[in-house]
Amino acid sequence: MATENPNDRQVTAAAELKALSHPLRVQLLAALRAHGPATSAELARRFDTDTGSTSYHLRQLAKFGFVTDGEPSADQRERRWTAVHATTSWSNTAMAASGEGREAVSVMRRHQVEVLIRAVRDFEAHTDDLSPEWVEASGIGDLLVRLTHGSLTELWDTFYAHVDALVARDADDPTALPVSVVAAGFPRVGDH
């Protein structure tokens, strides 16, 4: 789904999305976005992979403009990689125009579901470490509603605008924590 955020990387070619859809590349980009610049060695340790493989995948992300090498590491010998944008989006219609695009979107959707599953497991493992207010505020919703495609588009636009407003409001609040928010909206073709 497309957004109009200046911190968003708008992918327009199936090859770009396919390059991003490798499991390690998704993790590398997410780590750089969440934790800031890192060397390939630091990322290799984080994901328990070898530095050569990590470097290769970082170079592939750089080739397609997702990351860039920033300031050098403390010892001046290694590149410190940085995410170029805070988010990545694409036009589902444009990607659906080719088999390669449809497959890349499918892989990315499955990665998003895997991220949700990991986040739920991590949350459940650390529930005792959170305040009752955080436990109460957390959760997953499941709605089945009837909407037109225009209303679903409006829902996405409103959702992202509201998230942006809340993030800006809480930016300097020391009680704010990183929160995993995953939303999905698909027509239930067999249920109409």
# chains A, B, ... in the order shown; residues from 1 in each chain; ligands from 1
>>> residues_around(residues="region 98-103 of chain A", least_positions_apart="4", cutoff="9 Å", atoms="only C-alpha atoms", output="PDB file with N, CA and C atoms, in the first residue's frame")
ATOM      1  N   ALA A  13       9.469  -0.725  -8.545  1.00  0.00           N
ATOM      2  CA  ALA A  13       9.796  -1.834  -9.447  1.00  0.00           C
ATOM      3  C   ALA A  13       9.818  -3.147  -8.670  1.00  0.00           C
ATOM      4  N   ALA A  14       9.318  -4.182  -9.301  1.00  0.00           N
ATOM      5  CA  ALA A  14       9.291  -5.500  -8.669  1.00  0.00           C
ATOM      6  C   ALA A  14      10.693  -5.944  -8.256  1.00  0.00           C
ATOM      7  N   ALA A  15      11.705  -5.613  -9.051  1.00  0.00           N
ATOM      8  CA  ALA A  15      13.080  -6.015  -8.720  1.00  0.00           C
ATOM      9  C   ALA A  15      13.542  -5.405  -7.404  1.00  0.00           C
ATOM     10  N   LEU A  17      11.585  -4.605  -4.790  1.00  0.00           N
ATOM     11  CA  LEU A  17      10.905  -5.308  -3.700  1.00  0.00           C
ATOM     12  C   LEU A  17      11.449  -6.723  -3.556  1.00  0.00           C
ATOM     13  N   LYS A  18      11.752  -7.363  -4.674  1.00  0.00           N
ATOM     14  CA  LYS A  18      12.333  -8.707  -4.634  1.00  0.00           C
ATOM     15  C   LYS A  18      13.687  -8.673  -3.927  1.00  0.00           C
ATOM     16  N   ASN A  92       0.201  -1.852  -4.440  1.00  0.00           N
ATOM     17  CA  ASN A  92      -0.206  -3.241  -4.669  1.00  0.00           C
ATOM     18  C   ASN A  92      -0.632  -3.456  -6.114  1.00  0.00           C
ATOM     19  N   ALA A  94       0.438  -1.827  -8.828  1.00  0.00           N
ATOM     20  CA  ALA A  94       1.622  -1.856  -9.692  1.00  0.00           C
ATOM     21  C   ALA A  94       2.365  -3.177  -9.545  1.00  0.00           C
ATOM     22  N   VAL A 107       5.852 -12.602  -0.477  1.00  0.00           N
ATOM     23  CA  VAL A 107       6.959 -12.885   0.455  1.00  0.00           C
ATOM     24  C   VAL A 107       7.014 -11.813   1.545  1.00  0.00           C
ATOM     25  N   MET A 108       6.854 -10.552   1.164  1.00  0.00           N
ATOM     26  CA  MET A 108       6.904  -9.478   2.153  1.00  0.00           C
ATOM     27  C   MET A 108       5.754  -9.592   3.149  1.00  0.00           C
TER      28      MET A 108
END
>>> residues_around(residues="Leu24 (chain A)", least_positions_apart="5", cutoff="9 Å", atoms="only C-alpha atoms", output="ChimeraX atom specification")
/A:29,47,54,57
>>> closest_residue(among="A:Met95, A:Val115, A:Thr68, A:Ser53", to="Val26 (chain A)", atoms="only C-alpha atoms")
A:Val115
>>> select_by_dssp(residues="region 30-72 of chain A", states="helix (DSSP H, G or I)", output="number ranges by chain")
A: 30-35, 40-47, 51-63
>>> select_by_dssp(residues="region 6-187 of chain A", states="strand (DSSP E or B)", output="ChimeraX atom specification")
/A:8-11,38,67-72,79-83,87-90
>>> atom_distance(atom1="CA of Pro178 (chain A)", atom2="CA of Arg59 (chain A)")
27.6 Å
>>> residues_around(residues="Gly185 (chain A)", least_positions_apart="3", cutoff="12 Å", atoms="only C-alpha atoms", output="PDB file with N, CA and C atoms, in the first residue's frame")
ATOM      1  N   MET A   1       0.834  -1.159   0.000  1.00  0.00           N
ATOM      2  CA  MET A   1       0.000   0.000   0.000  1.00  0.00           C
ATOM      3  C   MET A   1       0.879   1.220   0.000  1.00  0.00           C
ATOM      4  N   ARG A 109       4.569  -9.946   2.688  1.00  0.00           N
ATOM      5  CA  ARG A 109       3.435 -10.131   3.619  1.00  0.00           C
ATOM      6  C   ARG A 109       3.730 -11.241   4.613  1.00  0.00           C
ATOM      7  N   ASP A 142      -9.573  -8.300  15.959  1.00  0.00           N
ATOM      8  CA  ASP A 142      -9.987  -9.049  14.773  1.00  0.00           C
ATOM      9  C   ASP A 142     -11.406  -8.616  14.431  1.00  0.00           C
ATOM     10  N   LEU A 143     -11.545  -7.884  13.355  1.00  0.00           N
ATOM     11  CA  LEU A 143     -12.851  -7.402  12.932  1.00  0.00           C
ATOM     12  C   LEU A 143     -13.163  -7.923  11.536  1.00  0.00           C
ATOM     13  N   LEU A 144     -14.430  -8.182  11.292  1.00  0.00           N
ATOM     14  CA  LEU A 144     -14.900  -8.480   9.942  1.00  0.00           C
ATOM     15  C   LEU A 144     -15.977  -7.454   9.636  1.00  0.00           C
ATOM     16  N   VAL A 145     -15.681  -6.528   8.738  1.00  0.00           N
ATOM     17  CA  VAL A 145     -16.598  -5.440   8.406  1.00  0.00           C
ATOM     18  C   VAL A 145     -16.838  -5.418   6.910  1.00  0.00           C
ATOM     19  N   ARG A 146     -17.934  -4.762   6.495  1.00  0.00           N
ATOM     20  CA  ARG A 146     -18.221  -4.593   5.064  1.00  0.00           C
ATOM     21  C   ARG A 146     -17.830  -3.179   4.674  1.00  0.00           C
ATOM     22  N   LEU A 147     -16.889  -3.049   3.735  1.00  0.00           N
ATOM     23  CA  LEU A 147     -16.419  -1.752   3.265  1.00  0.00           C
ATOM     24  C   LEU A 147     -16.254  -1.791   1.752  1.00  0.00           C
ATOM     25  N   THR A 148     -16.310  -0.631   1.134  1.00  0.00           N
ATOM     26  CA  THR A 148     -15.924  -0.525  -0.271  1.00  0.00           C
ATOM     27  C   THR A 148     -14.415  -0.373  -0.336  1.00  0.00           C
ATOM     28  N   HIS A 149     -13.837  -0.528  -1.519  1.00  0.00           N
ATOM     29  CA  HIS A 149     -12.387  -0.330  -1.652  1.00  0.00           C
ATOM     30  C   HIS A 149     -12.016   1.107  -1.316  1.00  0.00           C
ATOM     31  N   SER A 151     -13.513   3.005   0.948  1.00  0.00           N
ATOM     32  CA  SER A 151     -13.526   3.127   2.408  1.00  0.00           C
ATOM     33  C   SER A 151     -12.311   2.460   3.027  1.00  0.00           C
ATOM     34  N   LEU A 152     -11.874   1.343   2.464  1.00  0.00           N
ATOM     35  CA  LEU A 152     -10.674   0.683   2.987  1.00  0.00           C
ATOM     36  C   LEU A 152      -9.447   1.573   2.775  1.00  0.00           C
ATOM     37  N   THR A 153      -9.360   2.211   1.604  1.00  0.00           N
ATOM     38  CA  THR A 153      -8.264   3.149   1.350  1.00  0.00           C
ATOM     39  C   THR A 153      -8.313   4.300   2.346  1.00  0.00           C
ATOM     40  N   GLU A 154      -9.516   4.834   2.588  1.00  0.00           N
ATOM     41  CA  GLU A 154      -9.673   5.919   3.567  1.00  0.00           C
ATOM     42  C   GLU A 154      -9.264   5.458   4.967  1.00  0.00           C
ATOM     43  N   LEU A 155      -9.615   4.223   5.316  1.00  0.00           N
ATOM     44  CA  LEU A 155      -9.226   3.682   6.623  1.00  0.00           C
ATOM     45  C   LEU A 155      -7.706   3.653   6.763  1.00  0.00           C
ATOM     46  N   TRP A 156      -6.996   3.179   5.725  1.00  0.00           N
ATOM     47  CA  TRP A 156      -5.530   3.153   5.767  1.00  0.00           C
ATOM     48  C   TRP A 156      -4.962   4.555   5.933  1.00  0.00           C
ATOM     49  N   PHE A 159      -5.646   5.790   9.416  1.00  0.00           N
ATOM     50  CA  PHE A 159      -4.824   5.024  10.368  1.00  0.00           C
ATOM     51  C   PHE A 159      -3.402   5.565  10.404  1.00  0.00           C
ATOM     52  N   VAL A 182       0.840  -3.881  13.788  1.00  0.00           N
ATOM     53  CA  VAL A 182       0.638  -4.558  12.511  1.00  0.00           C
ATOM     54  C   VAL A 182      -0.854  -4.517  12.218  1.00  0.00           C
ATOM     55  N   ARG A 188     -12.466 -10.518   2.052  1.00  0.00           N
ATOM     56  CA  ARG A 188     -12.715 -11.939   2.266  1.00  0.00           C
ATOM     57  C   ARG A 188     -13.561 -12.409   1.091  1.00  0.00           C
TER      58      ARG A 188
END
>>> closest_residue(among="A:Ser55, A:Leu61, A:Arg80, A:Asp8", to="Thr39 (chain A)", atoms="only C-alpha atoms")
A:Arg80
>>> residues_around(residues="Ala119 (chain A)", least_positions_apart="4", cutoff="12 Å", atoms="only C-alpha atoms", output="list in words")
Gln112, Val113, Glu114, Val115, Phe123, Glu124, Ala125, His126, Thr127, Ser138, Gly139, Ile140, Pro178, Val179, Ser180, Val181 and Val182 of chain A
>>> residues_around(residues="Lys63 (chain A)", least_positions_apart="5", cutoff="12 Å", atoms="only C-alpha atoms", output="list in words")
Ala15, Glu16, Ala19, Leu20, Tyr56, His57, Leu58, Thr68, Asp69 and Val84 of chain A
>>> residues_around(residues="Gly36 (chain A)", least_positions_apart="3", cutoff="12 Å", atoms="only C-alpha atoms", output="NGL selection string")
:A and (28-33 or 39 or 42-43 or 67-71 or 80-86)
>>> write_last_selection(atoms="C-alpha atoms", output="PDB file, in the first residue's frame")
ATOM      1  CA  LEU A  28      19.117  -6.121   8.573  1.00  0.00           C
ATOM      2  CA  LEU A  29      17.020  -3.196   7.384  1.00  0.00           C
ATOM      3  CA  ALA A  30      14.670  -3.508  10.370  1.00  0.00           C
ATOM      4  CA  ALA A  31      17.619  -3.537  12.793  1.00  0.00           C
ATOM      5  CA  LEU A  32      19.171  -0.452  11.203  1.00  0.00           C
ATOM      6  CA  ARG A  33      15.839   1.346  11.380  1.00  0.00           C
ATOM      7  CA  THR A  39      28.780  -2.370  11.058  1.00  0.00           C
ATOM      8  CA  GLU A  42      27.804  -5.991  14.651  1.00  0.00           C
ATOM      9  CA  LEU A  43      24.842  -7.086  12.555  1.00  0.00           C
ATOM     10  CA  VAL A  67      20.749   1.595   3.133  1.00  0.00           C
ATOM     11  CA  THR A  68      23.899   3.652   2.812  1.00  0.00           C
ATOM     12  CA  ASP A  69      27.285   3.500   4.423  1.00  0.00           C
ATOM     13  CA  GLY A  70      27.493   6.307   6.932  1.00  0.00           C
ATOM     14  CA  GLU A  71      30.262   7.399   9.256  1.00  0.00           C
ATOM     15  CA  ARG A  80      28.706   1.824   9.512  1.00  0.00           C
ATOM     16  CA  TRP A  81      25.536   1.155   7.593  1.00  0.00           C
ATOM     17  CA  THR A  82      22.452   3.356   7.961  1.00  0.00           C
ATOM     18  CA  ALA A  83      18.849   2.920   6.845  1.00  0.00           C
ATOM     19  CA  VAL A  84      17.919   5.597   4.315  1.00  0.00           C
ATOM     20  CA  HIS A  85      14.174   5.672   5.107  1.00  0.00           C
ATOM     21  CA  ALA A  86      12.009   4.850   8.132  1.00  0.00           C
TER      22      ALA A  86
END
